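See below for target-v9.pdb, which holds PDB, C-alpha atoms and all ligand atoms.
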ATOM      1  CA  MET O   1     -16.341  44.392 -28.915
ATOM      2  CA  ASN O   2     -19.738  44.756 -30.602
ATOM      3  CA  GLY O   3     -20.307  44.638 -34.355
ATOM      4  CA  SER O   4     -20.090  48.390 -34.960
ATOM      5  CA  GLN O   5     -16.638  48.855 -33.427
ATOM      6  CA  ARG O   6     -13.437  48.225 -35.334
ATOM      7  CA  PRO O   7     -10.919  45.797 -33.855
ATOM      8  CA  LEU O   8      -8.095  47.483 -31.997
ATOM      9  CA  ARG O   9      -4.424  46.765 -32.625
ATOM     10  CA  ILE O  10      -3.126  45.819 -29.200
ATOM     11  CA  VAL O  11       0.476  45.179 -28.202
ATOM     12  CA  VAL O  12       0.905  43.241 -24.954
ATOM     13  CA  THR O  13       4.248  42.611 -23.248
ATOM     14  CA  ALA O  14       4.738  39.742 -20.820
ATOM     15  CA  GLY O  15       7.168  37.771 -18.725
ATOM     16  CA  PRO O  16      10.536  38.525 -17.177
ATOM     17  CA  THR O  17      13.672  39.759 -18.863
ATOM     18  CA  TRP O  18      16.974  37.918 -18.680
ATOM     19  CA  GLU O  19      20.059  40.095 -18.404
ATOM     20  CA  PRO O  20      23.253  38.112 -19.062
ATOM     21  CA  ILE O  21      26.133  38.025 -16.600
ATOM     22  CA  ASP O  22      28.088  35.572 -18.737
ATOM     23  CA  PRO O  23      27.059  32.931 -21.326
ATOM     24  CA  VAL O  24      25.619  30.608 -18.645
ATOM     25  CA  ARG O  25      24.164  33.025 -16.055
ATOM     26  CA  PHE O  26      21.661  35.862 -16.014
ATOM     27  CA  ILE O  27      19.665  38.193 -13.760
ATOM     28  CA  ALA O  28      15.924  37.560 -13.915
ATOM     29  CA  ASN O  29      12.778  37.727 -11.737
ATOM     30  CA  PRO O  30       9.882  35.417 -10.851
ATOM     31  CA  SER O  31       7.440  36.651 -13.507
ATOM     32  CA  THR O  32       5.774  33.748 -15.324
ATOM     33  CA  GLY O  33       4.069  35.818 -18.038
ATOM     34  CA  ARG O  34       0.596  34.570 -17.066
ATOM     35  CA  VAL O  35      -1.179  37.909 -16.864
ATOM     36  CA  GLY O  36       0.145  39.107 -20.228
ATOM     37  CA  PHE O  37      -0.756  35.821 -21.915
ATOM     38  CA  ALA O  38      -4.264  35.988 -20.387
ATOM     39  CA  ILE O  39      -4.729  39.535 -21.714
ATOM     40  CA  ALA O  40      -3.468  38.562 -25.185
ATOM     41  CA  GLU O  41      -5.839  35.587 -25.227
ATOM     42  CA  GLU O  42      -8.834  37.679 -24.180
ATOM     43  CA  ALA O  43      -7.947  40.444 -26.666
ATOM     44  CA  LYS O  44      -7.782  37.893 -29.477
ATOM     45  CA  ARG O  45     -11.080  36.323 -28.334
ATOM     46  CA  ARG O  46     -12.681  39.781 -28.631
ATOM     47  CA  GLY O  47     -11.430  40.102 -32.204
ATOM     48  CA  HIS O  48      -8.572  42.544 -31.622
ATOM     49  CA  ARG O  49      -5.349  42.258 -33.643
ATOM     50  CA  THR O  50      -2.961  41.239 -30.952
ATOM     51  CA  THR O  51       0.832  41.145 -30.737
ATOM     52  CA  LEU O  52       2.503  39.556 -27.719
ATOM     53  CA  ILE O  53       6.110  40.503 -26.994
ATOM     54  CA  THR O  54       7.378  38.200 -24.297
ATOM     55  CA  GLY O  55      10.413  37.402 -22.234
ATOM     56  CA  PRO O  56      11.344  33.771 -21.547
ATOM     57  CA  THR O  57       8.360  31.698 -20.332
ATOM     58  CA  HIS O  58       7.081  28.140 -20.695
ATOM     59  CA  LEU O  59       3.618  29.310 -21.716
ATOM     60  CA  THR O  60       2.237  28.616 -25.184
ATOM     61  CA  PRO O  61       1.076  31.737 -27.032
ATOM     62  CA  PRO O  62      -2.656  31.824 -27.753
ATOM     63  CA  ALA O  63      -3.589  30.768 -31.303
ATOM     64  CA  GLY O  64      -3.966  33.695 -33.672
ATOM     65  CA  VAL O  65      -1.748  36.018 -31.650
ATOM     66  CA  ARG O  66       1.522  37.210 -33.222
ATOM     67  CA  CYS O  67       4.239  36.332 -30.723
ATOM     68  CA  VAL O  68       7.707  37.886 -30.576
ATOM     69  CA  ARG O  69      10.182  36.410 -28.113
ATOM     70  CA  ILE O  70      12.967  38.454 -26.533
ATOM     71  CA  GLN O  71      15.368  38.042 -23.622
ATOM     72  CA  THR O  72      16.719  41.421 -22.510
ATOM     73  CA  ALA O  73      15.080  44.769 -21.707
ATOM     74  CA  ARG O  74      16.870  46.399 -24.609
ATOM     75  CA  GLN O  75      15.565  43.741 -27.015
ATOM     76  CA  MET O  76      12.071  44.330 -25.639
ATOM     77  CA  LEU O  77      12.446  48.097 -26.149
ATOM     78  CA  ARG O  78      13.465  47.495 -29.773
ATOM     79  CA  GLN O  79      10.489  45.210 -30.497
ATOM     80  CA  VAL O  80       7.922  47.349 -28.675
ATOM     81  CA  SER O  81       9.212  50.496 -30.434
ATOM     82  CA  ARG O  82       8.785  48.694 -33.753
ATOM     83  CA  ALA O  83       5.192  47.571 -33.036
ATOM     84  CA  PHE O  84       4.046  50.740 -31.245
ATOM     85  CA  PRO O  85       3.536  53.079 -34.256
ATOM     86  CA  GLN O  86       1.017  50.643 -35.812
ATOM     87  CA  SER O  87      -0.867  50.042 -32.549
ATOM     88  CA  ASP O  88      -3.878  51.563 -30.805
ATOM     89  CA  SER O  89      -2.902  50.378 -27.350
ATOM     90  CA  LEU O  90       0.155  49.138 -25.471
ATOM     91  CA  VAL O  91      -0.304  46.999 -22.350
ATOM     92  CA  MET O  92       3.001  46.616 -20.485
ATOM     93  CA  THR O  93       2.636  43.664 -18.116
ATOM     94  CA  ALA O  94       6.294  42.605 -18.537
ATOM     95  CA  ALA O  95       8.474  42.562 -15.444
ATOM     96  CA  VAL O  96      11.305  44.410 -17.145
ATOM     97  CA  GLY O  97      14.575  44.202 -15.239
ATOM     98  CA  ASP O  98      15.528  47.657 -14.003
ATOM     99  CA  PHE O  99      19.270  46.894 -14.145
ATOM    100  CA  ARG O 100      21.659  44.802 -16.234
ATOM    101  CA  PRO O 101      25.306  43.822 -15.800
ATOM    102  CA  ALA O 102      27.369  46.661 -17.244
ATOM    103  CA  GLN O 103      29.629  44.336 -19.222
ATOM    104  CA  PRO O 104      28.454  40.768 -19.708
ATOM    105  CA  ARG O 105      31.481  38.460 -19.894
ATOM    106  CA  ARG O 106      32.152  36.639 -23.156
ATOM    107  CA  GLN O 107      33.425  33.615 -21.257
ATOM    108  CA  LYS O 108      32.030  31.853 -18.226
ATOM    109  CA  VAL O 109      33.131  33.399 -14.936
ATOM    110  CA  LYS O 110      35.129  30.675 -13.202
ATOM    111  CA  ARG O 111      34.178  30.012  -9.623
ATOM    112  CA  ARG O 112      37.697  29.109  -8.567
ATOM    113  CA  ARG O 113      38.935  32.507  -9.778
ATOM    114  CA  LEU O 114      36.409  34.384  -7.622
ATOM    115  CA  ALA O 115      37.146  35.677  -4.156
ATOM    116  CA  ALA O 116      34.562  35.101  -1.405
ATOM    117  CA  ARG O 117      33.061  38.483  -2.196
ATOM    118  CA  TRP O 118      32.461  39.708  -5.730
ATOM    119  CA  SER O 119      30.827  42.934  -6.944
ATOM    120  CA  LEU O 120      29.034  43.034 -10.252
ATOM    121  CA  PRO O 121      28.634  46.550 -11.719
ATOM    122  CA  LEU O 122      25.084  47.168 -12.964
ATOM    123  CA  VAL O 123      23.650  49.865 -15.203
ATOM    124  CA  LYS O 124      20.059  51.054 -15.454
ATOM    125  CA  ASN O 125      17.888  49.685 -18.253
ATOM    126  CA  PRO O 126      15.757  52.001 -20.396
ATOM    127  CA  ASP O 127      12.227  52.676 -19.135
ATOM    128  CA  ILE O 128      10.204  51.238 -22.040
ATOM    129  CA  LEU O 129       6.831  52.407 -20.750
ATOM    130  CA  GLY O 130       8.070  55.885 -19.871
ATOM    131  CA  THR O 131       9.825  56.292 -23.226
ATOM    132  CA  LEU O 132       6.831  55.272 -25.339
ATOM    133  CA  ALA O 133       4.114  56.927 -23.241
ATOM    134  CA  ARG O 134       5.688  60.295 -24.035
ATOM    135  CA  ARG O 135       5.016  59.787 -27.761
ATOM    136  CA  LYS O 136       1.688  58.009 -27.548
ATOM    137  CA  GLY O 137      -0.633  60.424 -29.381
ATOM    138  CA  ARG O 138      -4.133  58.854 -29.272
ATOM    139  CA  ARG O 139      -2.830  55.447 -28.219
ATOM    140  CA  LEU O 140      -3.913  54.022 -24.896
ATOM    141  CA  VAL O 141      -0.953  53.089 -22.756
ATOM    142  CA  VAL O 142      -1.447  50.752 -19.800
ATOM    143  CA  GLY O 143       1.164  50.104 -17.130
ATOM    144  CA  PHE O 144       1.490  47.555 -14.349
ATOM    145  CA  ALA O 145       3.120  48.086 -10.979
ATOM    146  CA  LEU O 146       4.098  45.716  -8.209
ATOM    147  CA  GLU O 147       4.306  47.258  -4.754
ATOM    148  CA  THR O 148       4.845  46.021  -1.228
ATOM    149  CA  HIS O 149       3.566  49.204   0.466
ATOM    150  CA  ASP O 150       1.708  52.488  -0.243
ATOM    151  CA  VAL O 151       0.078  50.680  -3.160
ATOM    152  CA  LEU O 152      -2.587  53.247  -4.054
ATOM    153  CA  ALA O 153      -0.455  56.357  -3.479
ATOM    154  CA  GLU O 154       2.375  54.924  -5.596
ATOM    155  CA  ALA O 155      -0.096  53.869  -8.292
ATOM    156  CA  MET O 156      -1.564  57.362  -8.523
ATOM    157  CA  ARG O 157       1.915  58.878  -8.734
ATOM    158  CA  LYS O 158       3.022  56.498 -11.519
ATOM    159  CA  LEU O 159      -0.195  57.010 -13.505
ATOM    160  CA  ARG O 160       0.380  60.763 -13.446
ATOM    161  CA  GLU O 161       4.166  60.938 -13.824
ATOM    162  CA  LYS O 162       4.361  58.366 -16.632
ATOM    163  CA  GLU O 163       1.344  59.929 -18.412
ATOM    164  CA  LEU O 164      -0.467  56.580 -18.540
ATOM    165  CA  ASP O 165      -4.099  56.008 -19.453
ATOM    166  CA  MET O 166      -4.461  53.091 -17.070
ATOM    167  CA  LEU O 167      -2.464  51.349 -14.399
ATOM    168  CA  VAL O 168      -2.905  48.022 -12.618
ATOM    169  CA  ALA O 169      -1.196  48.153  -9.241
ATOM    170  CA  ASN O 170      -0.558  44.725  -7.690
ATOM    171  CA  ARG O 171       0.144  44.188  -4.043
ATOM    172  CA  ALA O 172       3.041  41.745  -3.535
ATOM    173  CA  LYS O 173       2.120  39.460  -0.621
ATOM    174  CA  PRO O 174       4.241  37.092   1.479
ATOM    175  CA  SER O 175       2.073  34.241   0.076
ATOM    176  CA  GLY O 176       3.731  34.830  -3.305
ATOM    177  CA  GLU O 177       0.822  36.791  -4.831
ATOM    178  CA  PRO O 178       0.581  37.802  -7.632
ATOM    179  CA  PHE O 179       3.090  35.419  -9.234
ATOM    180  CA  GLY O 180       2.108  32.346 -11.244
ATOM    181  CA  ASP O 181      -1.470  31.100 -10.833
ATOM    182  CA  ARG O 182      -2.069  33.171  -7.721
ATOM    183  CA  PRO O 183      -4.792  35.856  -7.810
ATOM    184  CA  VAL O 184      -4.291  39.612  -7.956
ATOM    185  CA  THR O 185      -5.030  42.094  -5.197
ATOM    186  CA  GLY O 186      -4.633  45.812  -5.788
ATOM    187  CA  TYR O 187      -6.208  48.541  -7.909
ATOM    188  CA  LEU O 188      -7.179  49.323 -11.470
ATOM    189  CA  LEU O 189      -6.895  53.081 -12.077
ATOM    190  CA  ASP O 190      -7.506  55.207 -15.133
ATOM    191  CA  ARG O 191      -6.636  58.747 -16.175
ATOM    192  CA  ARG O 192     -10.242  59.862 -15.687
ATOM    193  CA  GLY O 193      -9.956  59.248 -11.969
ATOM    194  CA  ASN O 194     -11.773  55.896 -11.777
ATOM    195  CA  ILE O 195     -10.296  53.581  -9.157
ATOM    196  CA  ASP O 196     -11.477  49.971  -8.809
ATOM    197  CA  ALA O 197     -10.256  47.753  -5.997
ATOM    198  CA  LEU O 198      -9.176  44.262  -7.074
ATOM    199  CA  ARG O 199      -9.631  41.692  -4.317
ATOM    200  CA  GLY O 200      -8.158  38.314  -5.183
ATOM    201  CA  VAL O 201      -9.260  38.326  -8.827
ATOM    202  CA  THR O 202      -7.970  35.676 -11.223
ATOM    203  CA  LYS O 203      -5.748  36.744 -14.101
ATOM    204  CA  GLN O 204      -8.471  35.746 -16.577
ATOM    205  CA  ARG O 205     -10.913  38.024 -14.757
ATOM    206  CA  LEU O 206      -8.332  40.826 -14.635
ATOM    207  CA  ALA O 207      -7.844  40.465 -18.410
ATOM    208  CA  LYS O 208     -11.583  40.985 -18.951
ATOM    209  CA  LEU O 209     -11.778  43.990 -16.614
ATOM    210  CA  LEU O 210      -8.727  45.582 -18.231
ATOM    211  CA  LEU O 211      -9.969  45.127 -21.797
ATOM    212  CA  ASP O 212     -13.464  46.369 -20.864
ATOM    213  CA  ARG O 213     -11.759  49.557 -19.660
ATOM    214  CA  VAL O 214      -9.461  49.868 -22.691
ATOM    215  CA  GLU O 215     -12.451  49.497 -25.036
ATOM    216  CA  TYR O 216     -14.480  51.978 -23.003
ATOM    217  CA  LEU O 217     -11.691  54.600 -22.965
ATOM    218  CA  TRP O 218     -11.143  54.122 -26.701
ATOM    219  CA  GLN O 219     -14.837  54.470 -27.582
ATOM    220  CA  THR O 220     -15.381  57.508 -25.402
ATOM    221  CA  ALA O 221     -12.143  59.336 -26.261
ATOM    222  CA  THR O 222     -12.755  62.900 -27.364
TER
HETATM  223  N1  LIG Q   1       8.706  48.994 -17.142
HETATM  224  C1  LIG Q   1       9.294  49.362 -18.341
HETATM  225  N2  LIG Q   1      10.656  49.452 -18.443
HETATM  226  C2  LIG Q   1      11.434  49.206 -17.367
HETATM  227  C3  LIG Q   1      10.857  48.867 -16.127
HETATM  228  C4  LIG Q   1       9.487  48.758 -16.067
HETATM  229  O1  LIG Q   1       8.573  49.594 -19.298
HETATM  230  N3  LIG Q   1      12.763  49.297 -17.486
HETATM  231  C5  LIG Q   1       7.258  48.930 -17.064
HETATM  232  C6  LIG Q   1       6.670  47.600 -16.656
HETATM  233  O2  LIG Q   1       6.336  46.782 -17.765
HETATM  234  C7  LIG Q   1       5.431  48.020 -15.893
HETATM  235  C8  LIG Q   1       5.869  49.298 -15.232
HETATM  236  O3  LIG Q   1       6.894  49.836 -16.067
HETATM  237  O4  LIG Q   1       4.334  48.301 -16.740
HETATM  238  C9  LIG Q   1       6.439  49.000 -13.872
HETATM  239  O5  LIG Q   1       7.008  50.109 -13.419
HETATM  240  P1  LIG Q   1       7.647  50.090 -11.978
HETATM  241  O6  LIG Q   1       8.839  49.165 -11.943
HETATM  242  O7  LIG Q   1       6.590  49.900 -10.961
HETATM  243  O8  LIG Q   1       8.071  51.587 -12.010
HETATM  244  P2  LIG Q   1       9.323  52.312 -11.483
HETATM  245  O9  LIG Q   1       9.213  53.691 -12.020
HETATM  246  O10 LIG Q   1      10.527  51.494 -11.800
HETATM  247  O11 LIG Q   1       8.973  52.339  -9.985
HETATM  248  P3  LIG Q   1       9.736  51.947  -8.662
HETATM  249  O12 LIG Q   1      10.380  53.215  -8.269
HETATM  250  O13 LIG Q   1       8.605  51.531  -7.766
HETATM  251  O14 LIG Q   1      10.691  50.838  -8.989
END
As structure tokens, the full file:
Amino acid sequence: MNGSQRPLRIVVTAGPTWEPIDPVRFIANPSTGRVGFAIAEEAKRRGHRTTLITGPTHLTPPAGVRCVRIQTARQMLRQVSRAFPQSDSLVMTAAVGDFRPAQPRRQKVKRRRLAARWSLPLVKNPDILGTLARRKGRRLVVGFALETHDVLAEAMRKLREKELDMLVANRAKPSGEPFGDRPVTGYLLDRRGNIDALRGVTKQRLAKLLLDRVEYLWQTAT
């Protein structure tokens, strides 16, 4: 950000969600929250007013960033919906669980009561990004996607169908990329048709590229 531009109000989501099965078990995913924390840190460094809404992670929030901790997708939806009206941009890096147990048990499920095979009914979680992108007005909404195949075609479809301004599409590799400290390979796309290939970039570098693009889209919006 240079001196003549006003700071943006940026909401970043990060980490996994935990969807309870019973009081001692949950459904989660391997997200560590690193990319979202890196973006929040870089946004703060650039002088933007930054809110980080994160699922469970061991990471320490960057100093000067407002941090809201949640566990489930529905809690994240509530907090993002609350912060969204006062924001200029939403960056959804969180690995939101697509499903949750339909009826979490109040008491621990006892192993000795279970048969060898057990089915757990799941219901679909709300699509936070899809819900908020539809009422975004001038706000810039950025999505993330993790794909194992057809990375670019799927990214272009999601950018269009979810009415996003930008999308980072990660390729999931057998080496465990892009989880944890591993680099990111994929694409950075925007609604103006720009497509940048990302080849093994660090999450700190991705944070810079993403915020450069957010600032550029904001400054050149008509
Ligand atoms: N996301 C969300 N709410 C959900 C699930 C995902 O807001 N319930 C957001 C993530 O934070 C991320 C993007 O949506 O920014 C990821 O979407 P993705 O799971 O790739 O999209 P889907 O439409 O679920 O695509 P797919 O059919 O590939 O699962």
Practice problem: Tell me, in Å to one decimal, how far atom CA of O:Thr32 is from atom CA of O:Leu59. | Solution: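 Between atom CA of O:Thr32 and atom CA of O:Leu59 the gap is 8.1 Å.
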Quiz prompt | Residue neighbourhood O:Val184, 8 Å, all atoms listed in the file, exclusion window fewer than 3 positions, as JSON, numbers by chain | solution = {"O": [170, 171, 177, 178, 198, 199, 200, 201, 202, 203, 206]}
Residues just named, written with C-alpha atoms as a tab-separated table (two decimals), keeping the file's coordinate frame:
chain	number	residue	atom	x	y	z
O	170	ASN	CA	-0.56	44.72	-7.69
O	171	ARG	CA	0.14	44.19	-4.04
O	177	GLU	CA	0.82	36.79	-4.83
O	178	PRO	CA	0.58	37.80	-7.63
O	198	LEU	CA	-9.18	44.26	-7.07
O	199	ARG	CA	-9.63	41.69	-4.32
O	200	GLY	CA	-8.16	38.31	-5.18
O	201	VAL	CA	-9.26	38.33	-8.83
O	202	THR	CA	-7.97	35.68	-11.22
O	203	LYS	CA	-5.75	36.74	-14.10
O	206	LEU	CA	-8.33	40.83	-14.64
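Atom CA of O:Ile27 to atom CA of O:Leu159 spans 27.4 Å [interatomic distance, one decimal].
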Quiz prompt | Using all atoms listed in the file: which of O:Arg105, O:Arg100, O:Lys208, O:Lys110 has the shortest distance to ligand LIG 1 (chain Q) | solution =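 Counting all atoms listed in the file, the residue closest to ligand LIG 1 (chain Q) is O:Arg100.
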Quiz item: Which is closer to O:Val214 than all the others in O:Leu114, O:Ala172, O:Leu188, O:Val35, using only C-alpha atoms?
Solution: O:Leu188
Exercise. Could you expand the PyMOL selection byres (((chain O and resi 82-91) around 8) and not hetatm) into the explicit residues it covers here, written as a VMD selection string?
Key: chain O and resid 8 to 13 78 to 81 92 to 93 132 138 to 143
Quiz item: Residues picked by the PyMOL selection byres (((chain O and resi 67) around 7) and not hetatm) here, as a ChimeraX atom specification?
Solution: /O:51-53,61,65-66,68-69
Please produce a file of the residues just selected, as a compact mmCIF listing (two decimals), in the frame of the given file, where the atoms kept are C-alpha atoms.
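Saved to result.txt:
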# COMPACT_ATOMS: atom_id res chain seq x y z
CA THR O 51 0.83 41.14 -30.74
CA LEU O 52 2.50 39.56 -27.72
CA ILE O 53 6.11 40.50 -26.99
CA PRO O 61 1.08 31.74 -27.03
CA VAL O 65 -1.75 36.02 -31.65
CA ARG O 66 1.52 37.21 -33.22
CA VAL O 68 7.71 37.89 -30.58
CA ARG O 69 10.18 36.41 -28.11
